[in-house]
Amino acid sequence: MGLLTVVGVIIVRLFFIQIIQHDEWVEKAVAQQTLQNVLKAERGEIYMMDGEEPVAVVMNAMVYTVIVDPMIADEGELRGTLEGILGDKRVAEWDDVLENRKLRYYIVGKNVERKMAEKIAEADLTGVWLQASTKRVYPERTLGATVLGFVNADGVGQYGVEGAMNELLTGKDGLLRTVKDVNNVALSIGDDNIKNPPKDGEDIVLTIDKNIQYNVEKILTQKTEELGFKNMSALVLDPNSGRVLAMANIPEYDPADFGNVESAEAYVNHILEDPYEAASVCKTFTMAAGLEYKVMTPDKTFYNENVTYVDDWPIKNSTQRQELVGQVDMQTTLDWSLNTGSTQVLRWLGGSETEINMQGMSRLYDYYHNYFGLGVKTGIELYEATGLVYAPDEIEYGVASTYANMTFGQNMQVTMIQVAAAFASLVNGGKYYTPTVIAGKMVDGELVENEKQEAVRQTVSEETSATMREMLYNTRRSFRTNGTDQEGYYIGGKTGTAQMIKDGAYSFDETVATYVGFGGTEGELPAYVIMVRVWEDNKTAGGEAQALPVFNELKNYVQSYLKIAPRE
């Protein structure tokens with residue numbers, strides 16, 4: 001009886017395994033009889049333009065991981081021969097490697113280059129083998145580091161192009177699945193061999209010109225020493241396409257040695273990721289709104305007292321010149337960057353000479369936010385911050401004084417790329433182009449360019465654009481630029497000096513300097529827009545004193561490199 005019971009149990013169990021769990025056990029058997037190897041995809045390379053030709057600035061180099069089988073490795077060979085070859089590439093202690101002789105896999109060396117790997121192979125050490133892989137190489141070292149980003153120890157892109165386009169650059173690993181014998185040796189027989197080839201990452205070509213990028217960084221580095229400020233950023237933009245030609249932040253870092261920085265702030269692209277109060281460069285957008293609504297012209301006047309009161313708060317001009325007290329036109333307002341004048345435009349937008357009302361604030365917000373895109377991500381292909389521009393109905397207290405400050409770029413947060421893209425539309429005839437850093441991709445060694453993008457919206461009329469160009473041209477001439485702008489070129493721009501908030505209030509003990517300008521051949525649309533930012537903690541930087549000289553040197557180089565000829 002007992003025997004029959006045992007037989008019955010076995011039969012039931014066999015039925016359960018062979019019929020009910022058939023598929024599950026087949027899957028387990030196949031898994032035990034097959035060997036799967038991941039076929040690594042090669043990470044895409046990154047190119048910049050060298051004039052008309054793309055050149056690689058981020059590449060892959062073959063490196064090797066050194067692996068030891070502790071069960072069969074010879075201790076003497078490890079501590080003697082292998083240690084002598086590996087040197088500082090050794091990443092494990094021999095005592096730890098040999099502690100458990102039952103282990104079959106222990107990594108003892110990483111990022112071993114070809115010559116060292118060849119020596120290890122020639123030594124023919126027992127239980128030691130090499131596994132090929134690649135590492136990221138940045139042959140230009142610090143060039144464009146905050147644009148490019150880096151790849152961390154796990155092979156994942158961080159910051160810049162490497163981070164924002166990590167999936168595109170990574171590609172997709174393949175899989176080799178083959179029958180194996182009892183010794184884990186792959187067999188090349190049967191129809192069970194499956195090979196899914198890896199799909200390598202795409203090779204990305206940037207719009208950035210390597211030569212412009214190099215020289216912009218060189219000029220910024222020289223100017224940090226000359227002017228005595230730690231931080232500088234500069235952007236060079238084609239205003240007629242939105243293509244970024246250079247995007248530089250000083251200080252830089254080496255992506256191949258990304259851990260060698262004072263803090264993670266070194267990785268930040270301040271042009272895209274660091275909103276700030278851009279100050280009086282925003283007067284250009286205020287005046288453009290005034291022109292569009294036909295409430296002002298360059299020669300329209302208001303009575304300037306060097307201070308005006310809004311919500312019982314005094315709004316003062318940074319330049320307290322007595323000769324400017326009285327009737328002042330709007331060209332003079334822009335020339336001398338009068339906060340009282342930009343505040344007056346806000347009143348005019350509301351149809352009033354003396355009061356700031358909801359109509360005026362709504363009109364300004366519409367142009368700032370919806371037309372010029374301030375406080376809105378531009379859509380550039382890299383990581384970018386949003387910034388902050390409050391709608392008037394989002395402000396609980398002091399809405400009129402907040403908006404008065406916004407007319408000259410305070411009480412709001414914007415990124416350099418937002419300001420530069422908006423400014424480009426202001427001077428190019430009113431066409432807003434989404435900024436781009438991607439020119440196309442490399443396919444079989446050839447550049448396949450992206451289609452030329454169209455303007456996404458009209459920010460201002462061609463008439464307003466022409467008027468603003470002339471006003472900015474006149475403003476630049478007022479800044480004692482004789483000798484810096486050659487005859488036959490048409491160059492304009494605007495300074496900004498922003499107070500920083502310290503202990504809950506605006507302070508003159510720390511300021512940020514900005515200059516944004518355009519240039520090209522006289523009589524033609526601008527060929528470039530350049531924006532500069534200068535700052536350092538607990539120091540005062542001025543738009544005219546620090547940012548303007550940097551712009552002047554940058555525009556001279558850009559004009560020469562782009563072969564922009566003066567009008568004859």
# chains A, B, ... in the order shown; residues from 1 in each chain; ligands from 1
$ residues_around --residues "A:Tyr528" --least-positions-apart "4" --cutoff "8 Å" --atoms "only C-alpha atoms" --output "ChimeraX atom specification"
/A:236-239,518-520
$ write_last_selection --atoms "N, CA and C atoms" --output "JSON list (two decimals), in the first residue's frame"
[["chain", "number", "residue", "atom", "x", "y", "z"],
["A", 236, "VAL", "N", 27.46, 83.28, -28.79],
["A", 236, "VAL", "CA", 27.47, 83.84, -30.15],
["A", 236, "VAL", "C", 26.37, 83.12, -30.93],
["A", 237, "LEU", "N", 25.45, 83.91, -31.48],
["A", 237, "LEU", "CA", 24.25, 83.36, -32.11],
["A", 237, "LEU", "C", 24.08, 83.94, -33.50],
["A", 238, "ASP", "N", 23.68, 83.09, -34.44],
["A", 238, "ASP", "CA", 23.27, 83.56, -35.76],
["A", 238, "ASP", "C", 21.81, 83.99, -35.64],
["A", 239, "PRO", "N", 21.52, 85.30, -35.73],
["A", 239, "PRO", "CA", 20.14, 85.75, -35.50],
["A", 239, "PRO", "C", 19.17, 85.40, -36.62],
["A", 518, "PHE", "N", 24.41, 93.37, -31.35],
["A", 518, "PHE", "CA", 24.39, 92.77, -32.68],
["A", 518, "PHE", "C", 25.39, 93.50, -33.55],
["A", 519, "GLY", "N", 25.70, 92.91, -34.69],
["A", 519, "GLY", "CA", 26.61, 93.57, -35.62],
["A", 519, "GLY", "C", 26.52, 92.97, -37.01],
["A", 520, "GLY", "N", 27.05, 93.70, -37.95],
["A", 520, "GLY", "CA", 27.09, 93.26, -39.33],
["A", 520, "GLY", "C", 27.44, 94.42, -40.24]]
$ residues_around --residues "A:Met48" --least-positions-apart "3" --cutoff "9 Å" --atoms "only C-alpha atoms" --output "PyMOL selection string"
chain A and resi 53-57+204-210+439
$ residues_around --residues "A:Gln559" --least-positions-apart "5" --cutoff "12 Å" --atoms "only C-alpha atoms" --output "count of residues only"
23
$ closest_atom_pairs --of "stretch 276-369 of chain A" --to "stretch 441-464 of chain A" --cutoff "12 Å" --atoms "only C-alpha atoms" --output "CSV"
residue,atom,partner,partner_atom,distance
A:Thr284,CA,A:Thr464,CA,11.1
A:Phe285,CA,A:Val460,CA,9.9
A:Thr286,CA,A:Val460,CA,11.9
A:Met287,CA,A:Thr464,CA,9.5
A:Ala288,CA,A:Thr464,CA,6.6
A:Ala289,CA,A:Val460,CA,8.1
A:Gly290,CA,A:Thr464,CA,9.5
A:Leu291,CA,A:Thr464,CA,6.2
A:Glu292,CA,A:Thr464,CA,6.6
A:Tyr293,CA,A:Thr464,CA,10.1
A:Lys294,CA,A:Thr464,CA,9.7
A:Met296,CA,A:Thr464,CA,11.1
A:Thr297,CA,A:Thr464,CA,9.8
A:Pro298,CA,A:Thr464,CA,10.8
A:Asp366,CA,A:Thr459,CA,10.6
A:Tyr367,CA,A:Thr459,CA,7.8
A:Tyr368,CA,A:Thr459,CA,9.8
A:His369,CA,A:Thr459,CA,10.8
$ residues_around --residues "A:Pro197" --least-positions-apart "5" --cutoff "9 Å" --atoms "only C-alpha atoms" --output "VMD selection string"
chain A and resid 39 41 173 to 176
$ select_by_dssp --residues "stretch 250-374 of chain A" --states "strand (DSSP E or B)" --output "list in words"
Ile250, Tyr276, Thr301, Phe302, Tyr303, Asn304, Val307, Thr308, Tyr309, Val310, Trp313, Pro314, Ile315, Lys316, Gly326, Gln327, Val328 and Asp329 of chain A
$ write_last_selection --atoms "C-alpha atoms" --output "JSON list (two decimals), in the first residue's frame"
[["chain", "number", "residue", "atom", "x", "y", "z"],
["A", 250, "ILE", "CA", 34.69, 80.34, -17.65],
["A", 276, "TYR", "CA", 19.25, 85.54, -13.27],
["A", 301, "THR", "CA", 9.42, 112.76, -24.06],
["A", 302, "PHE", "CA", 8.53, 112.49, -20.41],
["A", 303, "TYR", "CA", 9.55, 114.59, -17.40],
["A", 304, "ASN", "CA", 12.49, 112.93, -15.65],
["A", 307, "VAL", "CA", 13.20, 109.11, -9.28],
["A", 308, "THR", "CA", 9.59, 108.00, -9.59],
["A", 309, "TYR", "CA", 7.31, 106.46, -6.98],
["A", 310, "VAL", "CA", 5.24, 103.29, -7.49],
["A", 313, "TRP", "CA", 8.44, 102.73, -3.41],
["A", 314, "PRO", "CA", 11.13, 104.96, -4.96],
["A", 315, "ILE", "CA", 12.45, 103.80, -8.32],
["A", 316, "LYS", "CA", 15.70, 105.62, -8.99],
["A", 326, "GLY", "CA", 13.51, 117.70, -17.19],
["A", 327, "GLN", "CA", 11.99, 116.64, -20.49],
["A", 328, "VAL", "CA", 13.88, 113.61, -21.80],
["A", 329, "ASP", "CA", 13.13, 111.61, -24.96]]
$ residues_around --residues "A:Ile120" --least-positions-apart "2" --cutoff "10 Å" --atoms "only C-alpha atoms" --output "ChimeraX atom specification"
/A:66,81-82,85-86,114-118,122-125,128-130
$ decode --residues "stretch 482-496 of chain A" --atoms "all heavy atoms" --output "CSV table (one decimal), in the first residue's frame"
chain,number,residue,atom,x,y,z
A,482,ASN,N,34.0,105.2,-29.8
A,482,ASN,CA,34.8,105.7,-30.9
A,482,ASN,C,36.2,104.9,-30.9
A,482,ASN,O,36.9,104.8,-29.9
A,482,ASN,CB,35.1,107.2,-30.8
A,482,ASN,CG,33.9,108.0,-30.9
A,482,ASN,OD1,32.9,107.6,-31.5
A,482,ASN,ND2,33.8,109.2,-30.3
A,483,GLY,N,36.5,104.4,-32.1
A,483,GLY,CA,37.7,103.6,-32.3
A,483,GLY,C,37.5,102.1,-32.1
A,483,GLY,O,38.4,101.4,-32.6
A,484,THR,N,36.4,101.7,-31.5
A,484,THR,CA,36.2,100.2,-31.4
A,484,THR,C,35.3,99.7,-32.6
A,484,THR,O,35.4,98.5,-32.9
A,484,THR,CB,35.5,99.9,-30.1
A,484,THR,OG1,34.2,100.5,-30.1
A,484,THR,CG2,36.3,100.4,-28.9
A,485,ASP,N,34.5,100.6,-33.2
A,485,ASP,CA,33.7,100.1,-34.3
A,485,ASP,C,34.1,100.8,-35.6
A,485,ASP,O,34.1,102.0,-35.7
A,485,ASP,CB,32.2,100.5,-34.0
A,485,ASP,CG,31.6,99.8,-32.8
A,485,ASP,OD1,32.2,98.8,-32.4
A,485,ASP,OD2,30.6,100.3,-32.3
A,486,GLN,N,34.6,100.0,-36.5
A,486,GLN,CA,35.1,100.6,-37.8
A,486,GLN,C,33.9,101.1,-38.6
A,486,GLN,O,32.8,100.7,-38.5
A,486,GLN,CB,35.9,99.5,-38.5
A,486,GLN,CG,37.1,99.0,-37.8
A,486,GLN,CD,37.7,97.8,-38.6
A,486,GLN,OE1,37.2,97.4,-39.6
A,486,GLN,NE2,38.9,97.4,-38.1
A,487,GLU,N,34.3,102.1,-39.5
A,487,GLU,CA,33.3,102.6,-40.4
A,487,GLU,C,32.8,101.5,-41.3
A,487,GLU,O,33.6,100.6,-41.7
A,487,GLU,CB,33.9,103.7,-41.2
A,487,GLU,CG,34.2,105.0,-40.4
A,487,GLU,CD,32.9,105.7,-39.9
A,487,GLU,OE1,31.9,105.6,-40.6
A,487,GLU,OE2,32.9,106.2,-38.8
A,488,GLY,N,31.6,101.6,-41.7
A,488,GLY,CA,31.0,100.6,-42.6
A,488,GLY,C,30.3,99.4,-41.9
A,488,GLY,O,29.7,98.6,-42.5
A,489,TYR,N,30.5,99.3,-40.6
A,489,TYR,CA,29.8,98.3,-39.8
A,489,TYR,C,28.7,99.0,-39.0
A,489,TYR,O,28.7,100.1,-38.6
A,489,TYR,CB,30.8,97.6,-38.8
A,489,TYR,CG,31.8,96.7,-39.4
A,489,TYR,CD1,33.1,97.2,-39.6
A,489,TYR,CD2,31.4,95.5,-39.9
A,489,TYR,CE1,34.1,96.4,-40.2
A,489,TYR,CE2,32.4,94.7,-40.5
A,489,TYR,CZ,33.7,95.1,-40.7
A,489,TYR,OH,34.6,94.3,-41.3
A,490,TYR,N,27.6,98.2,-38.8
A,490,TYR,CA,26.4,98.7,-38.1
A,490,TYR,C,26.3,97.8,-36.8
A,490,TYR,O,25.9,96.6,-36.9
A,490,TYR,CB,25.2,98.5,-38.9
A,490,TYR,CG,24.0,99.3,-38.5
A,490,TYR,CD1,23.9,100.7,-38.5
A,490,TYR,CD2,22.9,98.6,-38.0
A,490,TYR,CE1,22.8,101.4,-38.1
A,490,TYR,CE2,21.7,99.2,-37.6
A,490,TYR,CZ,21.7,100.6,-37.6
A,490,TYR,OH,20.6,101.3,-37.2
A,491,ILE,N,26.6,98.4,-35.7
A,491,ILE,CA,26.7,97.6,-34.4
A,491,ILE,C,25.9,98.4,-33.3
A,491,ILE,O,26.0,99.6,-33.2
A,491,ILE,CB,28.2,97.5,-33.9
A,491,ILE,CG1,29.0,96.8,-35.1
A,491,ILE,CG2,28.3,96.7,-32.6
A,491,ILE,CD1,30.5,96.8,-34.8
A,492,GLY,N,25.1,97.6,-32.6
A,492,GLY,CA,24.3,98.2,-31.6
A,492,GLY,C,24.2,97.3,-30.4
A,492,GLY,O,24.5,96.1,-30.5
A,493,GLY,N,23.9,97.8,-29.2
A,493,GLY,CA,23.8,97.0,-28.1
A,493,GLY,C,23.3,97.7,-26.8
A,493,GLY,O,23.1,98.9,-26.8
A,494,LYS,N,23.2,97.0,-25.8
A,494,LYS,CA,22.6,97.5,-24.5
A,494,LYS,C,23.3,96.8,-23.3
A,494,LYS,O,23.5,95.6,-23.3
A,494,LYS,CB,21.1,97.3,-24.4
A,494,LYS,CG,20.5,97.9,-23.2
A,494,LYS,CD,20.5,99.4,-23.2
A,494,LYS,CE,20.0,100.0,-21.9
A,494,LYS,NZ,21.0,99.9,-20.8
A,495,THR,N,23.6,97.7,-22.3
A,495,THR,CA,24.2,97.2,-21.1
A,495,THR,C,23.1,96.8,-20.1
A,495,THR,O,22.0,97.2,-20.2
A,495,THR,CB,25.1,98.3,-20.4
A,495,THR,OG1,24.3,99.4,-20.2
A,495,THR,CG2,26.3,98.6,-21.3
A,496,GLY,N,23.6,96.0,-19.1
A,496,GLY,CA,22.7,95.7,-17.9
A,496,GLY,C,23.5,95.5,-16.7
A,496,GLY,O,24.6,94.9,-16.8
